[in-house]
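Worksheet: the structure to be examined is printed underneath.
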Amino acid sequence: MKGIQLKPRHRHVLNLIQNNWMRFAVALGCMLVTSGCSAAVAYLIKPAIDDIFIRQDTSMLKILPIVVIIVYTLRGAAIYGQEYFMAFVGQGIVQRLRNQLYDQIQDLPLAFFHNETTGGLMSRITNDVGVIKNMVSNAVTGGILDLFTILGLMCVIFIRDYQLALIAIVILPVAFFPVMELGRRVRRMSIGCQEAMAEMNAFLHETFAGGKIVKAFGMEGFEKKRFREKTGRLFVIEMKSVMTKTLTAPVMELIGGAGVAFIIWYGGYRVINGVSTAGTFFFFFFAVLMLYEPVKKISKLNGRIQEGLAAVDRVFDIIETPSDIQDPPQPVLLGKGPHTVDFDRVYFRYNTSGNVLKDITLHAGPGEVIGLVGMSGGGKTSLVNLIPRFYDVSGGAVRIDGVDVRNTAVKELRKRIAVVTQEPILFNDTIRSNIAYGNPLASDADVISAATAAYAHDFIIRLPNGYDTGIGELGERLSGGEKQRLCIARALIKDAPILILDEATSSLDTQSEMLVQKALENLMRGRTTFIIAHRLSTIHNVDRLVVLVDGRLVEEGTHDELMARRRAYYKLYKMQFRNESAPSRAAS
C-alpha cells in the first residue's frame, strides 16, 4: 500500500506472523470462503429478480431461499473461523513481542535506565504492544478479508457486465491518493500520542510509589493539577488524530457517491434502451454497493496500520538497543572462592560526563573486609558497581583472582557476588520466596537456616502464616529492620564469596541496627567484603578503611592508623562525631 514504508523491524512483525503460518493459512482459507459467499450473495440478485419477480418461476422460488440459507450459514462459520485463528495469531505475536521486550530490558545495563522512566517502559510493554496486536488482529485481518471480497466481487461483476465493471474500477484508485496522505499524518500523531501515554504512565508510577510523601506534604491538589495537564495534552493529541482519521470517511463517501450516481445513470440508461435487463442492473448496483464498502474499510485501515507501525518503531527502539555489557567470545572460568579483588588504575564515567572515578588502585585479599568511606558523591557506590559489571570501566581494569571481569561470563560472575543495598528491595511474594530468591533450589531447611543467621526467624514465626506470609509490594507490611534482615538472609542463602554492603544500616533505628549488624557479621564471615558506610562508628572493626574524595583514593589503613595521620579520614570522623554529639550536649 502506497505510503506505508516497511523497515526491517516492520518485516520482523511479518516474520512473527509466519511463525504461526498454519493457523494463518486456515484463517486465510476462512477469509476466502467469506469473500466467496459475499460474491455469491451478489450473484444471486440477478436470478432472484429476473426469474422470480419478472418471469415468476416457482421452481426458483423454492430453490433460491435454500441456497441463500446455505450461503449465509457457510459465511457465518467462515467468519467465526477467521476471527478466532487471526486472534490466535495476534495474541501469539503480542506474547512473543512482550517476552522479547522484557528479556531485552532485563539484559540491558543499569546505564540504560538512567535515561528511561519505569512508567515509560511499562507503557511500551502494555500500550504499544497492544496497538501492534490491534494492527495484526484487526487491521491485517480486515485488510486481507476486504481485499478478497473486492477481488471476488470484481470477478462477479466482470462476468456479468464487463463494461460497467470497467467504469466502476476506474473510480477506485482515485480514492486512495488522499487516504495515503492522511495516513502519514496519522502515523506522526500516533507517535506523539504513544509518547504522551508513556509520560502519563511514568507520572502515575511515580506518584503512586511516592504516595506517602504526597500526603505528608499535602500536595494532593498539586499532583491532581499535574495529572490533569498530562491528560489534557493527551486529549488534544488524540483529538487531532481523530480529526485526521475521520477525514477518510467523507472523502470515500464523496468519491463512492459519485461512482454510484454514475452507475445509476449509465445502467438505467441501458435498461431503458433494452441493452440490459433489470435483474442485471440491480445485481450490478447491489454488487457495486458491496464493493465500495470493503474499499472504504481498507482506506480506514491505513490509519490503523500507521498507528501500529509507529508502535513497532517504539518497541524496537528498545529491542534493538545494544547492551554495553557483553560476554566475551571465550569466557574465562573463575575458581571457587574466597577471591581476591583488584582495581587496577580504574577510571569510570557515566555517558560523556567527566570521570567519576580517577586512577583507583586497590587490592582486597581473600576474606578481607574493606570499608569505603567519604562524603556523598565521592564515588563509593560507583566503585563497587564495577565488580559485578553493572557498569564497565572507562579505563584500567577490575580483576578477580587476576582475571579481568570483562573476560568472564556475566552470569557466572554475578553468581559469585551478593549485594545488600541501603534500600531493601523485596518482591510482592511470600517471605520464603523472597529469601530463596538468592538460590531458587534451596530447601525449606536452607531458608530457615539463612533466616536464623540473619536474626529474622523469630519475627517470621510470629507472623500469621510464618514463612508463607505475603509481604506486599516492596515489603510494605514489614518494618525497615525486618526487611533488611530478609535481604541479608537472601544474600546468605546465595552463599556468594564476594559481598557488597551498600550502606545497609544507614536508614535503621538503633535497635534495628544492632540486630542487622549481628546478621551482617554472620554474612561477612569468610567472604571478601566491601562495606560502604555513612556512619563511621559502624565500621571500626573492618580490616582496612579506604577513603574516597572526589573520585580519588586519598588514603587507606585501619581506623587507628588513619586517625593518627590526621588527614581526610580524621577530619571526616571528627566532623561526624561533632554532628552526632551536638544534640546530646544541647539536651544537657
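Naming works like this for the C-alpha cells: A, B, ... for the chains as they're shown, residue 1 at the start of each chain, ligands 1 onward in shown order.
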Could you tell me, as a CSV table (one decimal) with N, CA and C atoms, in the first residue's frame, which residues of region 289-495 of chain A DSSP assigns to strand (DSSP E) when given the backbone?
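Wrote it out as out-v4.csv, contents follow:
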chain,number,residue,atom,x,y,z
A,341,VAL,N,40.1,-9.4,44.9
A,341,VAL,CA,39.6,-8.4,44.0
A,341,VAL,C,40.6,-7.2,43.9
A,342,ASP,N,40.9,-6.9,42.7
A,342,ASP,CA,41.8,-5.8,42.4
A,342,ASP,C,41.2,-4.7,41.5
A,343,PHE,N,41.4,-3.5,41.9
A,343,PHE,CA,41.1,-2.4,41.0
A,343,PHE,C,42.5,-1.8,40.5
A,344,ASP,N,42.7,-1.9,39.2
A,344,ASP,CA,44.0,-1.6,38.6
A,344,ASP,C,43.9,-0.3,37.8
A,345,ARG,N,44.3,0.8,38.4
A,345,ARG,CA,44.2,2.1,37.8
A,345,ARG,C,42.9,2.4,37.1
A,346,VAL,N,41.8,2.3,37.8
A,346,VAL,CA,40.5,2.3,37.3
A,346,VAL,C,40.0,3.8,37.1
A,347,TYR,N,39.5,4.0,35.9
A,347,TYR,CA,38.7,5.3,35.6
A,347,TYR,C,37.3,4.9,35.2
A,348,PHE,N,36.4,5.7,35.6
A,348,PHE,CA,35.0,5.5,35.2
A,348,PHE,C,34.2,6.8,35.0
A,349,ARG,N,33.4,6.8,34.0
A,349,ARG,CA,32.5,7.9,33.8
A,349,ARG,C,31.1,7.4,33.3
A,355,ASN,N,35.0,12.1,34.6
A,355,ASN,CA,35.3,10.9,35.3
A,355,ASN,C,34.8,11.0,36.7
A,356,VAL,N,34.0,9.9,37.1
A,356,VAL,CA,33.5,9.8,38.5
A,356,VAL,C,34.6,9.2,39.4
A,357,LEU,N,35.3,8.2,38.8
A,357,LEU,CA,36.5,7.6,39.4
A,357,LEU,C,37.7,7.9,38.7
A,358,LYS,N,38.8,8.2,39.4
A,358,LYS,CA,40.1,8.6,38.8
A,358,LYS,C,41.2,7.8,39.3
A,359,ASP,N,41.8,7.0,38.5
A,359,ASP,CA,43.1,6.3,38.8
A,359,ASP,C,43.0,5.6,40.2
A,360,ILE,N,42.0,4.7,40.3
A,360,ILE,CA,41.8,3.9,41.6
A,360,ILE,C,42.6,2.6,41.5
A,361,THR,N,43.5,2.4,42.4
A,361,THR,CA,44.2,1.2,42.6
A,361,THR,C,44.0,0.7,44.0
A,362,LEU,N,43.5,-0.6,44.1
A,362,LEU,CA,43.1,-1.1,45.4
A,362,LEU,C,43.1,-2.6,45.3
A,363,HIS,N,43.6,-3.2,46.3
A,363,HIS,CA,43.7,-4.7,46.4
A,363,HIS,C,42.9,-5.2,47.6
A,364,ALA,N,42.0,-6.2,47.5
A,364,ALA,CA,41.3,-6.8,48.6
A,364,ALA,C,41.7,-8.3,48.6
A,369,VAL,N,37.9,-7.6,54.7
A,369,VAL,CA,36.7,-6.7,54.8
A,369,VAL,C,37.2,-5.3,54.6
A,370,ILE,N,36.8,-4.7,53.5
A,370,ILE,CA,37.2,-3.3,53.2
A,370,ILE,C,36.0,-2.4,53.4
A,371,GLY,N,36.3,-1.3,54.2
A,371,GLY,CA,35.3,-0.3,54.4
A,371,GLY,C,35.6,0.9,53.5
A,372,LEU,N,34.6,1.4,52.7
A,372,LEU,CA,34.7,2.5,51.8
A,372,LEU,C,34.0,3.7,52.5
A,373,VAL,N,34.7,4.8,52.7
A,373,VAL,CA,34.1,6.0,53.3
A,373,VAL,C,34.4,7.2,52.5
A,395,GLY,N,38.5,3.1,32.0
A,395,GLY,CA,39.9,2.9,31.8
A,395,GLY,C,40.4,2.0,32.9
A,396,GLY,N,41.5,1.3,32.7
A,396,GLY,CA,42.0,0.4,33.7
A,396,GLY,C,41.2,-1.0,33.7
A,397,ALA,N,41.2,-1.7,34.8
A,397,ALA,CA,40.6,-3.0,34.9
A,397,ALA,C,40.2,-3.3,36.3
A,398,VAL,N,39.1,-4.1,36.4
A,398,VAL,CA,38.8,-4.7,37.7
A,398,VAL,C,39.0,-6.2,37.5
A,399,ARG,N,39.8,-6.8,38.5
A,399,ARG,CA,40.2,-8.2,38.3
A,399,ARG,C,39.8,-9.0,39.6
A,400,ILE,N,39.3,-10.2,39.3
A,400,ILE,CA,39.0,-11.2,40.4
A,400,ILE,C,40.0,-12.4,40.2
A,403,VAL,N,41.8,-12.2,37.0
A,403,VAL,CA,41.1,-12.3,35.7
A,403,VAL,C,40.3,-11.0,35.6
A,404,ASP,N,40.5,-10.3,34.5
A,404,ASP,CA,39.6,-9.1,34.2
A,404,ASP,C,38.2,-9.6,34.1
A,417,ILE,N,28.8,-13.0,43.6
A,417,ILE,CA,28.6,-11.8,44.3
A,417,ILE,C,27.2,-11.6,44.9
A,418,ALA,N,27.2,-11.2,46.1
A,418,ALA,CA,25.9,-10.9,46.8
A,418,ALA,C,25.9,-9.4,47.2
A,419,VAL,N,24.7,-8.8,47.1
A,419,VAL,CA,24.6,-7.4,47.3
A,419,VAL,C,23.5,-7.1,48.3
A,420,VAL,N,23.8,-6.3,49.3
A,420,VAL,CA,22.7,-5.8,50.2
A,420,VAL,C,22.8,-4.3,50.1
Check which residues of region 329-436 of chain A sit at most 7 Å from region 492-498 of chain A using only C-alpha atoms, and return one row each with the closest pair of atoms and their distance in Å to one decimal, ordered by chain and rising number, as JSON lines.
{"residue": "A:Gly337", "atom": "CA", "partner": "A:Pro497", "partner_atom": "CA", "distance": 5.3}
{"residue": "A:Pro338", "atom": "CA", "partner": "A:Pro497", "partner_atom": "CA", "distance": 5.2}
{"residue": "A:His339", "atom": "CA", "partner": "A:Pro497", "partner_atom": "CA", "distance": 6.8}
{"residue": "A:Lys415", "atom": "CA", "partner": "A:Ala496", "partner_atom": "CA", "distance": 6.6}
{"residue": "A:Arg416", "atom": "CA", "partner": "A:Ala496", "partner_atom": "CA", "distance": 4.6}
{"residue": "A:Ile417", "atom": "CA", "partner": "A:Ile498", "partner_atom": "CA", "distance": 4.7}
{"residue": "A:Ala418", "atom": "CA", "partner": "A:Ala496", "partner_atom": "CA", "distance": 5.7}
{"residue": "A:Ala436", "atom": "CA", "partner": "A:Ile493", "partner_atom": "CA", "distance": 6.9}
Could you write out that same residue set with C-alpha atoms as a short mmCIF file (atom, residue, chain, number, x, y, z; two decimals), in the first residue's frame?
data_model
loop_
_atom_site.label_atom_id
_atom_site.label_comp_id
_atom_site.auth_asym_id
_atom_site.auth_seq_id
_atom_site.Cartn_x
_atom_site.Cartn_y
_atom_site.Cartn_z
CA GLY A 337 36.15 -18.56 46.47
CA PRO A 338 37.25 -16.83 48.50
CA HIS A 339 38.52 -14.44 45.86
CA LYS A 415 26.80 -15.85 40.87
CA ARG A 416 29.88 -15.11 42.98
CA ILE A 417 28.63 -11.75 44.27
CA ALA A 418 25.90 -10.92 46.78
CA ALA A 436 15.04 -18.24 48.35
#
Task: Two-atom distance - CA of Val94 (chain A), CA of Gln194 (chain A) (Å) - done: 16.9 Å
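Residues in contact with Val547 (chain A) at up to 8 Å, not including ones fewer than 2 positions away on its chain and judged by only C-alpha atoms, are A:Leu372, A:Val373, A:Gly374, A:Leu545, A:Val549, A:Leu553, A:Val554, A:Glu555, A:Glu556, A:Ala568, A:Tyr569.
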Residues from last step as file, C-alpha atoms, as a PDB file, in the first residue's frame:
ATOM      1  CA  LEU A 372      34.691   2.504  51.843  1.00  0.00           C
ATOM      2  CA  VAL A 373      34.125   5.952  53.348  1.00  0.00           C
ATOM      3  CA  GLY A 374      33.933   9.515  52.146  1.00  0.00           C
ATOM      4  CA  LEU A 545      39.386   1.565  55.547  1.00  0.00           C
ATOM      5  CA  VAL A 549      37.369  12.040  47.900  1.00  0.00           C
ATOM      6  CA  LEU A 553      41.558   7.150  46.665  1.00  0.00           C
ATOM      7  CA  VAL A 554      43.299   9.542  49.057  1.00  0.00           C
ATOM      8  CA  GLU A 555      44.255   7.194  51.919  1.00  0.00           C
ATOM      9  CA  GLU A 556      43.784   3.696  53.331  1.00  0.00           C
ATOM     10  CA  ALA A 568      40.918  13.199  55.324  1.00  0.00           C
ATOM     11  CA  TYR A 569      39.530  10.354  57.449  1.00  0.00           C
TER      12      TYR A 569
END
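Take the candidates A:Val242, A:Leu309, A:Val315, A:Leu64 and check each one against Thr126 (chain A) using only C-alpha atoms; the shortest distance goes to A:Val315.
The protein and nucleic acid residues lying at most 9 Å from region 101-106 of chain A are Phe112, Leu121, Arg124, Ile125, Val315, Phe316, Ile318, Ile319, Glu320, Thr321 and Ser323 of chain A, with only C-alpha atoms considered and sequence neighbours fewer than 6 positions away removed.
Omitting Met200 (chain A) and its sequence neighbours fewer than 6 positions away, and counting only C-alpha atoms, the residues within 8 Å are A:Gly119, A:Phe227, A:Lys230, A:Thr231.
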Using the selection just defined, write its residues with N, CA and C atoms as a PDB file, in the first residue's frame.
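Final output, saved to result35.pdb:
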ATOM      1  N   GLY A 119       7.586   3.990  34.178  1.00  0.00           N
ATOM      2  CA  GLY A 119       6.281   4.055  33.531  1.00  0.00           C
ATOM      3  C   GLY A 119       6.372   4.034  32.019  1.00  0.00           C
ATOM      4  N   PHE A 227      -1.617  15.983  36.861  1.00  0.00           N
ATOM      5  CA  PHE A 227      -2.219  14.878  36.116  1.00  0.00           C
ATOM      6  C   PHE A 227      -3.217  15.398  35.089  1.00  0.00           C
ATOM      7  N   LYS A 230      -1.445  16.542  32.026  1.00  0.00           N
ATOM      8  CA  LYS A 230      -0.985  15.451  31.163  1.00  0.00           C
ATOM      9  C   LYS A 230      -2.147  14.819  30.407  1.00  0.00           C
ATOM     10  N   THR A 231      -3.278  14.599  31.092  1.00  0.00           N
ATOM     11  CA  THR A 231      -4.433  14.050  30.384  1.00  0.00           C
ATOM     12  C   THR A 231      -4.970  15.045  29.360  1.00  0.00           C
TER      13      THR A 231
END
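Between CA of Val68 (chain A) and CA of Pro294 (chain A) lies a distance of 21.2 Å.
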Open item on the list: So that I can see what lies close to Gly466 (chain A), please list as a count of residues only the residues with an atom at most 8 Å from it, counting only C-alpha atoms and leaving out residues fewer than 5 positions away in the same chain.
Closed with: 3
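The shortest atom-to-atom distance to Arg490 (chain A), with only C-alpha atoms taken into account, belongs to A:Ile425 out of A:Pro331, A:His534, A:Arg462, A:Ile425.
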Open item on the list: Residues within 10 Å of Thr469 (chain A), please, as a ChimeraX atom specification. Count only C-alpha atoms; anything in the same chain fewer than 5 positions from it doesn't count.
Closed with: /A:429-433,460-461,463-464,477
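One distance worth recording is that between CA of Cys193 (chain A) and CA of Ile237 (chain A), which is 5.9 Å.
Residue nearest Gly130 (chain A) within the list A:Ala311, A:Ile45, A:Ile70, A:Leu486: A:Ala311 [criterion: smallest interatomic distance, only C-alpha atoms].
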